[in-house]
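Worksheet: one structure, shown below.
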Amino acid sequence: MAEVADRKAYEEINRLRADLAAARQQQSATSEILTALGKAASDLDAILGTVVESAQRLCTADVSQIHLVDGDLLRLARAAGSSQEVIDYMVANPVDRDRRSLIGRVALYGRTQQITDVLADPEYGRLELQSLAGLRTTLGVPMVLDDDLVGVMVVWRTEVDPFDDRAEELLTTFAAQAAIALRSVNLVRALEARSDELARKVEQLEALAEVGQVVSSSLDVDEVLSTIVTHAVQLSGTDGGSIFEFDDAEQEFNVRTAFGTSTALVDDLRRTRITLTGTLVGRAATLGHPEQVPDLRQVPLDPHLQRLHDAGWLSVVAVPMLREGTIVGALVVRRMTPGGFSDETCDLLGDLRSQSALAILNARLFRELELKSAELEVASKHKSEFLASMSHELRTPLNAVIGFSEVLLERMFGDLNERQDEYLRDIWGSGKHLLELLNEILDLSKIEAGQMILERSTFGVRDALEYSMSLVRERAARHGIALNLEVGSGVDLLDADELRFKQVVLNLLSNAVKFTDDGGRVSVRATSQGTELVVTVSDTGMGVPPEDRERIFESFQQGKRAAPKAEGTGLGLTLSKRIVELHGGRIWLESEVGVGSTFCIGIPASARMTSGQPMTEAPDIPWPSVANVVVVEDDRRSSELLALYLRGAGVEVVTARDGEEGLALIRRLRPTGVVLDIRLPKLDGWDLLALLKADPATAPIPVIIVSMLDERGKGFALGAAEYLVKPVGRDDVLSALARVTVLPDRDRLVVAIDDDRLAVDLVRAVLEPEGWTVLGATSGAEGLALATARQPAVVLLDLLMPGMDGFALVDALRRAEATKDIPIIVLTSKTMTAQDKDRLNGQISYVARKAEFDSAALLSLVERVTSARTSRASEAP
Amino acid sequence: MKAQVVLVVEDNEHNRKLVRDVLGFAGFTVIEATTAEDGVALALERSPDIVLMDLQLPGMDGIEALRLLRDAPKTRSLPVVAVTAFAMRDDRERVLSAGFDGYLEKPISVRALPDQIRGFMGSKEVAE
């Protein structure tokens, strides 16, 4: 008995041991499944694969499968142990919910079912499968989620060998796990779908925002439309699309832009006439809502669709673009596959097309404007060119008209009677007037072509105003018109183009005199208002009505101020306005009808500050002052020419037109020299010279007299430093200036060029005590300009400089006629390579290393190279 | 004293005649050319005392003609005055920087022309 009991206990232990092993296996399989679940929540296949494999193994089955509910059918989802043939058969033959199969029975009853031998079951109907797979005993359990059957899990054996309770229990567990996996995967999928949808919405909104941005910021319609069509295609998940613009005149649609479309097709579409009637696009536009064709193979094709079909497109939707009831165009997207377009897609396209319509309209307007302004620009350019060439062509014959009448008026060829004299004066006067008109036309066309360049200088405001007034004084006197001038305190010098300033003032003055009745008054007033110099010219004429006050500054507009006694060019005010504006100033009119007009100009007093000084000049450390000279000369041309000569040599020039102005300027500016004419208004040259020499402050300033009369003796007696008889040339003036040491003697002049200012100062410290004048420059370009203008005895330069470096500078100096003979000393910290030496070979006099700088050596070097040159120059005839 | 010879290079007939009459009246001998090419040839052949050169000429312009005159030893220091029909200052600077000894603006001043011519000749002599 004990033996029996022992055996029972032994069997029991064995059973328990087996159970334990099975439980262990099950647990490990479950955990495998759980791991698979956790690892690849979204990969249902992998989870179901793990489940069926575990079931096959633990239930000691030949095959394990999962079938999932799909409507009324159950379809194979995953199998383990099945041949491909069986799988193919089962995929092709899904299972019905009926008693003909085990799976059908499980689905039908929602309960676990087992068939011990399918061949012995009279109701079993899947004999084809049986013969293919050889199954005999089969067990199935339902997969249930929330009381709903979602699938069936089945195992079978190819021998008759019923599954025990443990196998059933295991399979139930696996089925439950598969169901859970299914649920979690479905949840993840739903979540993913939701988030995809959200992402798509966000993308759409962003795209719409971007399109809106492009529409509002870009007037390039092609850019806008291509942005729109690109987004339309991408957001609707289609393969390509295009935007058509409706041509109202031709009543047809023209392709404007396309995306995802071959160039060949686009070209084809361009050639295709897509009319309003009989086309998909036309129908959509006429009906005002999207029209689609899910399959181009199934419908009659219009020319547009025919082209699409030929190019391989199969489905298409056209969305009309309308604006306030009129057809603007259409947005079309298409796929290479057949199928309808969802409402969502159509809505999205709807949003985009309204943006497109707006873009096309904007761009149309802009295009028209652009076309118009381009036409205008061309016309204006032609006008300027025409005026410039006409005025030039007209000058030539005018020259003869004025010249010959002058010849006769001069009585060169005999006397004239009174009538002849009068008529000749008329001819001469008309010619002059015509010339004035031409000059103004030329000026205006230069301004309009952007070719008028201001020549700024510093001049006295009072004198400029007096000069302009002197030119109308005679005419004013003839009509008994009083002229008066008021110059406010603080009004002194102005930085502007002196000639242009006088031209403007003269123009306003001649108008004022012209439009003022006999016995009236014209007043000129100059005041300093903040940073602006304001000059007003007031008359006691009839005034300008408000409606004409803007127009009067336009060409050929004299307003209603019919001038009974004078002819105007009609261009003066336009020209004045442009000149003032070129100075950064403004011009305006204050007027009261019946009382008079006041024309005002405001010119920034600090004009020079804004007129772009070269960047190379550091404003904080003053360079040794380049000579500045006051030219006192009443003849405009002579004065201009003298100024031109002097400025060309780098001398600053301030001009005065009469002796009083000259005296004031000289006293204030203390120039390094004075060029003085003798016959001057107000205070003549002799008196001015005497006053200068009597004042200790101005006595040392050298004065060069430039006169028509040769009265050297008197000039030198009064203290003139030089005396030149007119006419004088450039060299006369410059050498006279050099002689009176206004200009440093060229033979003792050094130009030192180094971007390191200290190096220049060092050179200066060495050379200046020995009687040299050192002009410094901190860049190659500046140095070149200085050397060219002043032609020093020697140029000292550094090789390494930003911008134009020493090598380039040497080349430039050697190439130019004016500087090619000037000795060059290179003073550098650069170690000279053989190549460097090659580059400089024969071009320079000497190279000195800065590191070995020795002031005595530098001085002797400079003396040596310059004396060699002087002696060579003196040998030349 | 022998009359000084002025070479006038000017394509416009009326203007040429004007200068000829005015200078003739003032005692100059005037020789004329209508193109820059002829002007240069005449200058080399006749060695005038001064040349009045119109800038805008058919074919070669006045500035090129000046270059030719400056290149030839015989005319290198001959005073050459530009006659310009445009009065803009930038043009004037262009003219002076081209190396002319002076410039005259059209319309020329009949009264002043003889003195201006003498002035240009004198200036050149002083400078040398």
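Ordered as shown in the structure tokens, chains take letters A, B, and onward, while each chain numbers its residues from 1 and ligands are numbered from 1 in the order shown.
Selected on chain B by distance to chain A: His14, Asn15, Pro107, Val110, Gly119 and Ser123 of chain B (within 6 Å, counting only C-alpha atoms).
The residue set within 8 Å of Ile63 of chain B, counting only C-alpha atoms and dropping same-chain residues fewer than 3 places from it, reads Leu55, Leu66, Arg67, Val95 and Ala98 of chain B.
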Next, the residues of the selection above should be written as an mmCIF file, in the first residue's frame with N, CA and C atoms.
data_model
loop_
_atom_site.group_PDB
_atom_site.id
_atom_site.type_symbol
_atom_site.label_atom_id
_atom_site.label_comp_id
_atom_site.auth_asym_id
_atom_site.auth_seq_id
_atom_site.Cartn_x
_atom_site.Cartn_y
_atom_site.Cartn_z
ATOM 1 N N LEU B 55 34.656 121.268 -80.133
ATOM 2 C CA LEU B 55 34.809 119.938 -79.535
ATOM 3 C C LEU B 55 34.022 118.877 -80.273
ATOM 4 N N LEU B 66 43.399 117.224 -80.242
ATOM 5 C CA LEU B 66 44.364 117.846 -79.337
ATOM 6 C C LEU B 66 45.501 116.871 -79.035
ATOM 7 N N ARG B 67 45.117 115.610 -78.801
ATOM 8 C CA ARG B 67 46.120 114.596 -78.487
ATOM 9 C C ARG B 67 47.139 114.481 -79.636
ATOM 10 N N VAL B 95 37.282 119.351 -70.302
ATOM 11 C CA VAL B 95 38.045 120.029 -71.342
ATOM 12 C C VAL B 95 39.418 120.450 -70.809
ATOM 13 N N ALA B 98 41.693 117.660 -70.171
ATOM 14 C CA ALA B 98 42.200 117.034 -71.395
ATOM 15 C C ALA B 98 43.474 117.730 -71.864
#
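When atom CA of Pro604 of chain A is paired with atom CA of Glu532 of chain A, their separation reads 4.4 Å.
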Exercise for review: Give me the residues within 8 Å of segment 302-310 of chain A as a PyMOL selection string, counting only C-alpha atoms and dropping any in the same chain fewer than 4 places off.
Suggested key: chain A and resi 265+268-269+272-274+278-280+296-297+314
Exercise for review: Show which residues sit within 9 Å of Thr29 of chain B, as a PyMOL selection string. Count only C-alpha atoms, and ignore same-chain residues fewer than 2 positions away.
Suggested key: chain B and resi 3-7+20+23-24+27+31
Check your understanding: Smallest atom-to-atom distance to Phe25 of chain B: which of B:Gly122, B:Val40, B:Pro114, B:Asp101, using only C-alpha atoms?
Key -> B:Pro114
When DSSP is applied to the backbone of this structure, which of chain B are assigned strand (DSSP E)? Write them out as a PDB file with C-alpha atoms, in the first residue's frame.
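Output file selection.pdb follows:
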ATOM      1  CA  VAL B   5      47.462 133.376 -87.511  1.00  0.00           C
ATOM      2  CA  VAL B   6      44.434 131.733 -85.900  1.00  0.00           C
ATOM      3  CA  LEU B   7      43.369 128.284 -87.019  1.00  0.00           C
ATOM      4  CA  VAL B   8      39.629 127.783 -86.589  1.00  0.00           C
ATOM      5  CA  VAL B   9      38.409 124.176 -86.600  1.00  0.00           C
ATOM      6  CA  THR B  29      44.777 136.090 -90.155  1.00  0.00           C
ATOM      7  CA  VAL B  30      42.242 133.292 -89.993  1.00  0.00           C
ATOM      8  CA  ILE B  31      42.734 129.894 -91.574  1.00  0.00           C
ATOM      9  CA  GLU B  32      39.933 127.342 -91.401  1.00  0.00           C
ATOM     10  CA  ALA B  33      39.266 123.616 -91.259  1.00  0.00           C
ATOM     11  CA  ILE B  50      46.738 129.530 -81.876  1.00  0.00           C
ATOM     12  CA  VAL B  51      44.026 126.999 -82.611  1.00  0.00           C
ATOM     13  CA  LEU B  52      40.323 127.402 -81.805  1.00  0.00           C
ATOM     14  CA  MET B  53      38.999 123.854 -81.707  1.00  0.00           C
ATOM     15  CA  ASP B  54      35.321 123.010 -81.704  1.00  0.00           C
ATOM     16  CA  VAL B  80      44.843 125.141 -78.352  1.00  0.00           C
ATOM     17  CA  VAL B  81      41.575 126.573 -77.051  1.00  0.00           C
ATOM     18  CA  ALA B  82      38.438 124.450 -76.874  1.00  0.00           C
ATOM     19  CA  VAL B  83      35.186 125.919 -78.081  1.00  0.00           C
ATOM     20  CA  THR B  84      32.275 124.230 -76.337  1.00  0.00           C
ATOM     21  CA  GLY B 102      41.612 127.340 -72.339  1.00  0.00           C
ATOM     22  CA  TYR B 103      38.013 127.147 -73.300  1.00  0.00           C
ATOM     23  CA  LEU B 104      35.416 129.406 -74.845  1.00  0.00           C
ATOM     24  CA  GLU B 105      31.723 128.882 -74.421  1.00  0.00           C
TER      25      GLU B 105
END
Revision key, fill the gap. For Asp38 of chain B, the closest of B:Phe100, B:Arg16, B:Val22, B:Glu10 counting only C-alpha atoms is B:Glu10
